[in-house]
Amino acid sequence: MPSPYRAIFSAPGTKGFSAAGFLGRMPLSMMGIGVVTMVSQLTGRYGLAGALSATLAMSAAVCGPQVSRLVDRYGQRRVLRPVTLVAVAAVAGLLVCAQQGAPEWTLFVFSVGAGCVPSVGSMVRSRWAEIYRGSGRDLHTAYSWESIVDEVCFIFGPIISIGLSTAWFPEAGPLIAAAFLLVGVFWLTAQRATEPMPHPKSQHTGGSALRSLRSRGLQVLVATFVATGAIFGGVDVVTVAFAEERGHKAAASLVLAVYALGSCLAGAVFGLLHLKGNPATRWLVGVGAMAVSMIPLLLAGNLPLLAVALFVAGLAIAPTMVTTMALVEAHVPRTKLTEGMTWTSTGLAVGVALGSSAAGWVVDAAGAKAGYAVPVVAGALAAAVAFLGYRRLAGPAATGGRGEDDRHLRTDDERVA
């Protein structure tokens, strides 16, 4: 492991919560595709399978920020364990109903419950932020490491989920994903020494982190990530259709793995760099690069060329995500940091659902190659939103990095004294 990464793991407890976070994050890339594979095998209805996957994603998008908001107030252990048990119970209900051929409405009800999962990535990043608060270099490396972990999950998660459901039994993929979630969350929350201290209700002002006037930069990030998520959702759906049109549908997972691999490698290198200057500028360049990298997909005529184009496109993803987390940390009060990080994931989830739906419609109407117009348009929208909101991110944060929050805490301390 390169020395900057070795350095961040010298702090006590970091290896443990990072490993637990890896397990807890695997369902992010396994559950949706696992449900699609399971339902399509049991019923042969891809429409129903896609609708259930979208329901799962939208439920996670709605519940995630609320769970993280409770975590900021009451702590990870008190909130995550009961929430995870609810989600796992809902997954069990979904699997039983699907296997027994229960009415469709029961599948949707349990899908909503299964979407009530914590954003484990945000929980891990908040621990890094607590350990290396004030050390921009180490925090940059830690966020880069987490982006690498994200991409590793997306490289191997779908392969594991699809493989288990097709080679073992249809319910195997979602079942193992639920097991990963249960073990990962309970292992993570057992590590109390690195858990960020909860902030009492008296320190939480202004409602949601997204609606706070002091967090206008977060609104820009979330809006941009909705369009960015549409890129990812569109690429996934169209790539499967593109491979199927050329008679190699199974190769789609490998091509998409190459996309994630490009991001993984870029994130590893990005974490080694000691960058200076305004992170908002780097973020704007990254979003622009993601948008431009979509254009060559329209020109790819075969799977090898598509794989090369996606690999290059993936190089812009992890650096942009790393910079996004740094901007969230700077623009969101400390009492709402976990919620703020989760809102970016929510933006991505909503965008993925929208991009997947739009891409499917275009593919049905005009073919797979034309479908790549969806991520191209989504990239243009992301760049436009990022450019228009750049001034909110480039100037001093309304919180001063942590200013408003710290001033409030100092006032409380002075009253006690």
# chains A, B, ... in the order shown; residues from 1 in each chain; ligands from 1

call {"tool": "residues_around", "arguments": {"residues": "Gly93 in chain A", "least_positions_apart": "5", "cutoff": "9 Å", "atoms": "only C-alpha atoms", "output": "PyMOL selection string"}}
result
chain A and resi 88+98+106-107+110-111

call {"tool": "write_last_selection", "arguments": {"atoms": "all heavy atoms", "output": "mmCIF file, in the first residue's frame"}}
result
data_model
loop_
_atom_site.group_PDB
_atom_site.id
_atom_site.type_symbol
_atom_site.label_atom_id
_atom_site.label_comp_id
_atom_site.auth_asym_id
_atom_site.auth_seq_id
_atom_site.Cartn_x
_atom_site.Cartn_y
_atom_site.Cartn_z
ATOM 1 N N VAL A 88 -33.428 -5.776 7.125
ATOM 2 C CA VAL A 88 -33.171 -7.203 6.903
ATOM 3 C C VAL A 88 -34.471 -8.004 6.998
ATOM 4 O O VAL A 88 -34.707 -8.925 6.210
ATOM 5 C CB VAL A 88 -32.121 -7.718 7.907
ATOM 6 C CG1 VAL A 88 -32.014 -9.233 7.855
ATOM 7 C CG2 VAL A 88 -30.757 -7.095 7.616
ATOM 8 N N ALA A 98 -41.727 -13.505 -2.839
ATOM 9 C CA ALA A 98 -41.370 -13.790 -4.228
ATOM 10 C C ALA A 98 -41.325 -15.290 -4.483
ATOM 11 O O ALA A 98 -41.814 -15.779 -5.507
ATOM 12 C CB ALA A 98 -40.010 -13.158 -4.548
ATOM 13 N N THR A 106 -47.541 -7.115 -2.180
ATOM 14 C CA THR A 106 -46.696 -7.469 -1.037
ATOM 15 C C THR A 106 -45.222 -7.284 -1.376
ATOM 16 O O THR A 106 -44.421 -6.890 -0.524
ATOM 17 C CB THR A 106 -46.948 -8.913 -0.595
ATOM 18 O OG1 THR A 106 -46.601 -9.820 -1.665
ATOM 19 C CG2 THR A 106 -48.406 -9.125 -0.226
ATOM 20 N N LEU A 107 -44.863 -7.556 -2.629
ATOM 21 C CA LEU A 107 -43.477 -7.363 -3.040
ATOM 22 C C LEU A 107 -43.085 -5.886 -2.951
ATOM 23 O O LEU A 107 -41.976 -5.549 -2.520
ATOM 24 C CB LEU A 107 -43.281 -7.872 -4.468
ATOM 25 C CG LEU A 107 -43.631 -9.340 -4.741
ATOM 26 C CD1 LEU A 107 -43.356 -9.688 -6.192
ATOM 27 C CD2 LEU A 107 -42.852 -10.263 -3.818
ATOM 28 N N PHE A 110 -42.702 -4.784 0.828
ATOM 29 C CA PHE A 110 -41.435 -5.216 1.420
ATOM 30 C C PHE A 110 -40.235 -4.527 0.761
ATOM 31 O O PHE A 110 -39.200 -4.326 1.402
ATOM 32 C CB PHE A 110 -41.306 -6.738 1.344
ATOM 33 C CG PHE A 110 -42.118 -7.455 2.379
ATOM 34 C CD1 PHE A 110 -43.149 -8.324 2.019
ATOM 35 C CD2 PHE A 110 -41.852 -7.280 3.730
ATOM 36 C CE1 PHE A 110 -43.899 -8.992 2.977
ATOM 37 C CE2 PHE A 110 -42.594 -7.942 4.700
ATOM 38 C CZ PHE A 110 -43.620 -8.794 4.323
ATOM 39 N N SER A 111 -40.359 -4.153 -0.513
ATOM 40 C CA SER A 111 -39.280 -3.420 -1.168
ATOM 41 C C SER A 111 -39.086 -2.051 -0.533
ATOM 42 O O SER A 111 -37.956 -1.576 -0.381
ATOM 43 C CB SER A 111 -39.575 -3.265 -2.665
ATOM 44 O OG SER A 111 -39.497 -4.504 -3.329
#

call {"tool": "residues_around", "arguments": {"residues": "Gly360 in chain A", "least_positions_apart": "4", "cutoff": "9 Å", "atoms": "only C-alpha atoms", "output": "list of chain:residue names"}}
result
A:Gly234, A:Val237, A:Val238, A:Ala241, A:Gly355, A:Ser356, A:Asp364, A:Ala365, A:Ala368, A:Gly371

call {"tool": "write_last_selection", "arguments": {"atoms": "N, CA and C atoms", "output": "PDB file, in the first residue's frame"}}
result
ATOM      1  N   GLY A 234     -28.096   5.640 -16.797  1.00  0.00           N
ATOM      2  CA  GLY A 234     -28.207   5.498 -18.242  1.00  0.00           C
ATOM      3  C   GLY A 234     -27.143   4.581 -18.819  1.00  0.00           C
ATOM      4  N   VAL A 237     -27.969   0.737 -18.049  1.00  0.00           N
ATOM      5  CA  VAL A 237     -29.056   0.149 -18.834  1.00  0.00           C
ATOM      6  C   VAL A 237     -28.669   0.029 -20.305  1.00  0.00           C
ATOM      7  N   VAL A 238     -28.105   1.087 -20.864  1.00  0.00           N
ATOM      8  CA  VAL A 238     -27.791   1.084 -22.296  1.00  0.00           C
ATOM      9  C   VAL A 238     -26.672   0.099 -22.614  1.00  0.00           C
ATOM     10  N   ALA A 241     -28.144  -3.320 -22.940  1.00  0.00           N
ATOM     11  CA  ALA A 241     -28.861  -3.419 -24.215  1.00  0.00           C
ATOM     12  C   ALA A 241     -27.898  -3.461 -25.400  1.00  0.00           C
ATOM     13  N   GLY A 355     -32.313   8.188 -14.726  1.00  0.00           N
ATOM     14  CA  GLY A 355     -31.503   7.849 -15.897  1.00  0.00           C
ATOM     15  C   GLY A 355     -31.818   6.474 -16.443  1.00  0.00           C
ATOM     16  N   SER A 356     -32.051   5.517 -15.544  1.00  0.00           N
ATOM     17  CA  SER A 356     -32.391   4.165 -15.979  1.00  0.00           C
ATOM     18  C   SER A 356     -33.712   4.155 -16.745  1.00  0.00           C
ATOM     19  N   ASP A 364     -35.862   1.299 -26.174  1.00  0.00           N
ATOM     20  CA  ASP A 364     -37.035   0.671 -26.779  1.00  0.00           C
ATOM     21  C   ASP A 364     -37.469   1.400 -28.045  1.00  0.00           C
ATOM     22  N   ALA A 365     -37.303   2.720 -28.046  1.00  0.00           N
ATOM     23  CA  ALA A 365     -37.792   3.520 -29.164  1.00  0.00           C
ATOM     24  C   ALA A 365     -36.811   3.605 -30.329  1.00  0.00           C
ATOM     25  N   ALA A 368     -30.097   0.640 -28.878  1.00  0.00           N
ATOM     26  CA  ALA A 368     -29.115   0.812 -27.808  1.00  0.00           C
ATOM     27  C   ALA A 368     -28.131   1.945 -28.080  1.00  0.00           C
ATOM     28  N   GLY A 371     -29.367   5.132 -27.256  1.00  0.00           N
ATOM     29  CA  GLY A 371     -29.592   5.283 -25.821  1.00  0.00           C
ATOM     30  C   GLY A 371     -28.483   6.029 -25.118  1.00  0.00           C
TER      31      GLY A 371
END

call {"tool": "select_by_dssp", "arguments": {"residues": "range 43-212 of chain A", "states": "alpha helix (DSSP H)", "output": "PyMOL selection string"}}
result
chain A and resi 43+46-74+76-100+104-114+120-131+136-167+172-189

call {"tool": "residues_around", "arguments": {"residues": "Cys153 in chain A", "least_positions_apart": "3", "cutoff": "12 Å", "atoms": "only C-alpha atoms", "output": "NGL selection string"}}
result
:A and (21-31 or 121 or 146-150 or 156-161 or 177 or 180 or 257 or 260-261 or 263-264)

call {"tool": "write_last_selection", "arguments": {"atoms": "N, CA and C atoms", "output": "short mmCIF file (atom, residue, chain, number, x, y, z; two decimals), in the first residue's frame"}}
result
data_model
loop_
_atom_site.label_atom_id
_atom_site.label_comp_id
_atom_site.auth_asym_id
_atom_site.auth_seq_id
_atom_site.Cartn_x
_atom_site.Cartn_y
_atom_site.Cartn_z
N GLY A 21 -17.05 -1.32 7.17
CA GLY A 21 -17.75 -0.49 6.19
C GLY A 21 -17.78 -1.11 4.81
N PHE A 22 -16.72 -1.83 4.47
CA PHE A 22 -16.69 -2.52 3.18
C PHE A 22 -17.80 -3.57 3.10
N LEU A 23 -17.93 -4.37 4.15
CA LEU A 23 -18.99 -5.38 4.16
C LEU A 23 -20.38 -4.74 4.13
N GLY A 24 -20.54 -3.70 4.94
CA GLY A 24 -21.84 -3.04 5.03
C GLY A 24 -22.25 -2.34 3.75
N ARG A 25 -21.26 -2.01 2.90
CA ARG A 25 -21.57 -1.30 1.65
C ARG A 25 -21.84 -2.24 0.48
N MET A 26 -21.47 -3.49 0.59
CA MET A 26 -21.67 -4.42 -0.52
C MET A 26 -23.12 -4.47 -1.00
N PRO A 27 -24.12 -4.42 -0.10
CA PRO A 27 -25.51 -4.46 -0.59
C PRO A 27 -25.86 -3.31 -1.53
N LEU A 28 -25.14 -2.20 -1.45
CA LEU A 28 -25.43 -1.08 -2.34
C LEU A 28 -25.35 -1.49 -3.80
N SER A 29 -24.41 -2.37 -4.12
CA SER A 29 -24.24 -2.81 -5.50
C SER A 29 -24.86 -4.19 -5.76
N MET A 30 -25.33 -4.86 -4.72
CA MET A 30 -25.84 -6.22 -4.86
C MET A 30 -27.36 -6.32 -4.81
N MET A 31 -28.00 -5.50 -3.98
CA MET A 31 -29.42 -5.71 -3.70
C MET A 31 -30.31 -5.46 -4.91
N GLY A 121 -21.52 4.07 3.79
CA GLY A 121 -20.39 4.86 3.33
C GLY A 121 -20.29 6.19 4.04
N GLU A 146 -11.90 5.65 0.46
CA GLU A 146 -13.31 5.25 0.48
C GLU A 146 -13.89 5.18 -0.93
N SER A 147 -13.43 6.04 -1.82
CA SER A 147 -13.88 5.96 -3.21
C SER A 147 -13.39 4.68 -3.87
N ILE A 148 -12.17 4.27 -3.53
CA ILE A 148 -11.65 3.00 -4.04
C ILE A 148 -12.52 1.84 -3.54
N VAL A 149 -12.87 1.87 -2.27
CA VAL A 149 -13.72 0.82 -1.70
C VAL A 149 -15.07 0.80 -2.40
N ASP A 150 -15.64 1.98 -2.66
CA ASP A 150 -16.91 2.05 -3.38
C ASP A 150 -16.82 1.35 -4.72
N PHE A 156 -17.25 -5.99 -7.96
CA PHE A 156 -17.49 -7.38 -7.58
C PHE A 156 -18.91 -7.66 -7.10
N GLY A 157 -19.60 -6.64 -6.55
CA GLY A 157 -20.94 -6.86 -6.01
C GLY A 157 -21.92 -7.46 -7.01
N PRO A 158 -22.11 -6.83 -8.18
CA PRO A 158 -23.05 -7.39 -9.14
C PRO A 158 -22.67 -8.78 -9.62
N ILE A 159 -21.36 -9.03 -9.78
CA ILE A 159 -20.91 -10.34 -10.22
C ILE A 159 -21.28 -11.41 -9.19
N ILE A 160 -21.06 -11.09 -7.89
CA ILE A 160 -21.40 -12.03 -6.82
C ILE A 160 -22.91 -12.26 -6.77
N SER A 161 -23.67 -11.16 -6.82
CA SER A 161 -25.13 -11.27 -6.69
C SER A 161 -25.74 -12.06 -7.84
N ALA A 177 -26.67 -10.41 0.23
CA ALA A 177 -26.54 -8.96 0.40
C ALA A 177 -27.06 -8.52 1.76
N PHE A 180 -24.52 -9.48 4.39
CA PHE A 180 -23.41 -8.52 4.41
C PHE A 180 -23.80 -7.26 5.20
N ALA A 257 -17.67 -3.42 -15.41
CA ALA A 257 -16.58 -3.57 -14.44
C ALA A 257 -15.37 -2.75 -14.86
N ALA A 260 -15.94 0.79 -13.76
CA ALA A 260 -15.62 0.96 -12.35
C ALA A 260 -14.13 0.87 -12.09
N LEU A 261 -13.43 0.04 -12.86
CA LEU A 261 -11.99 -0.11 -12.70
C LEU A 261 -11.27 1.20 -13.01
N SER A 263 -12.42 4.19 -12.61
CA SER A 263 -12.63 5.06 -11.46
C SER A 263 -11.78 4.63 -10.28
N CYS A 264 -11.68 3.33 -10.07
CA CYS A 264 -10.89 2.80 -8.95
C CYS A 264 -9.43 3.20 -9.06
#

call {"tool": "closest_residue", "arguments": {"among": "A:Thr323, A:Thr239, A:Thr141, A:Thr194", "to": "Val363 in chain A", "atoms": "only C-alpha atoms"}}
result
A:Thr239

call {"tool": "closest_residue", "arguments": {"among": "A:Val83, A:Thr338, A:Gln191, A:Phe108", "to": "Glu130 in chain A", "atoms": "only C-alpha atoms"}}
result
A:Thr338

call {"tool": "atom_distance", "arguments": {"atom1": "CA of Thr43 in chain A", "atom2": "CA of Glu171 in chain A"}}
result
12.5 Å

call {"tool": "closest_residue", "arguments": {"among": "A:Leu94, A:Val222, A:Gly136, A:Ser122", "to": "Leu275 in chain A", "atoms": "only C-alpha atoms"}}
result
A:Gly136

call {"tool": "closest_residue", "arguments": {"among": "A:Leu181, A:Met123, A:Ile131, A:Val385", "to": "Thr84 in chain A", "atoms": "only C-alpha atoms"}}
result
A:Leu181

call {"tool": "decode", "arguments": {"residues": "range 35-46 of chain A", "atoms": "C-alpha atoms", "output": "mmCIF file, in the first residue's frame"}}
result
data_model
loop_
_atom_site.group_PDB
_atom_site.id
_atom_site.type_symbol
_atom_site.label_atom_id
_atom_site.label_comp_id
_atom_site.auth_asym_id
_atom_site.auth_seq_id
_atom_site.Cartn_x
_atom_site.Cartn_y
_atom_site.Cartn_z
ATOM 1 C CA VAL A 35 -33.817 -8.396 -6.895
ATOM 2 C CA VAL A 36 -33.952 -7.974 -10.680
ATOM 3 C CA THR A 37 -32.243 -11.339 -11.208
ATOM 4 C CA MET A 38 -34.408 -13.115 -8.622
ATOM 5 C CA VAL A 39 -37.762 -11.797 -9.852
ATOM 6 C CA SER A 40 -36.921 -12.291 -13.526
ATOM 7 C CA GLN A 41 -35.951 -15.920 -12.836
ATOM 8 C CA LEU A 42 -39.023 -16.656 -10.720
ATOM 9 C CA THR A 43 -41.604 -14.862 -12.891
ATOM 10 C CA GLY A 44 -39.903 -14.050 -16.200
ATOM 11 C CA ARG A 45 -41.225 -10.483 -15.874
ATOM 12 C CA TYR A 46 -38.491 -7.909 -16.315
#
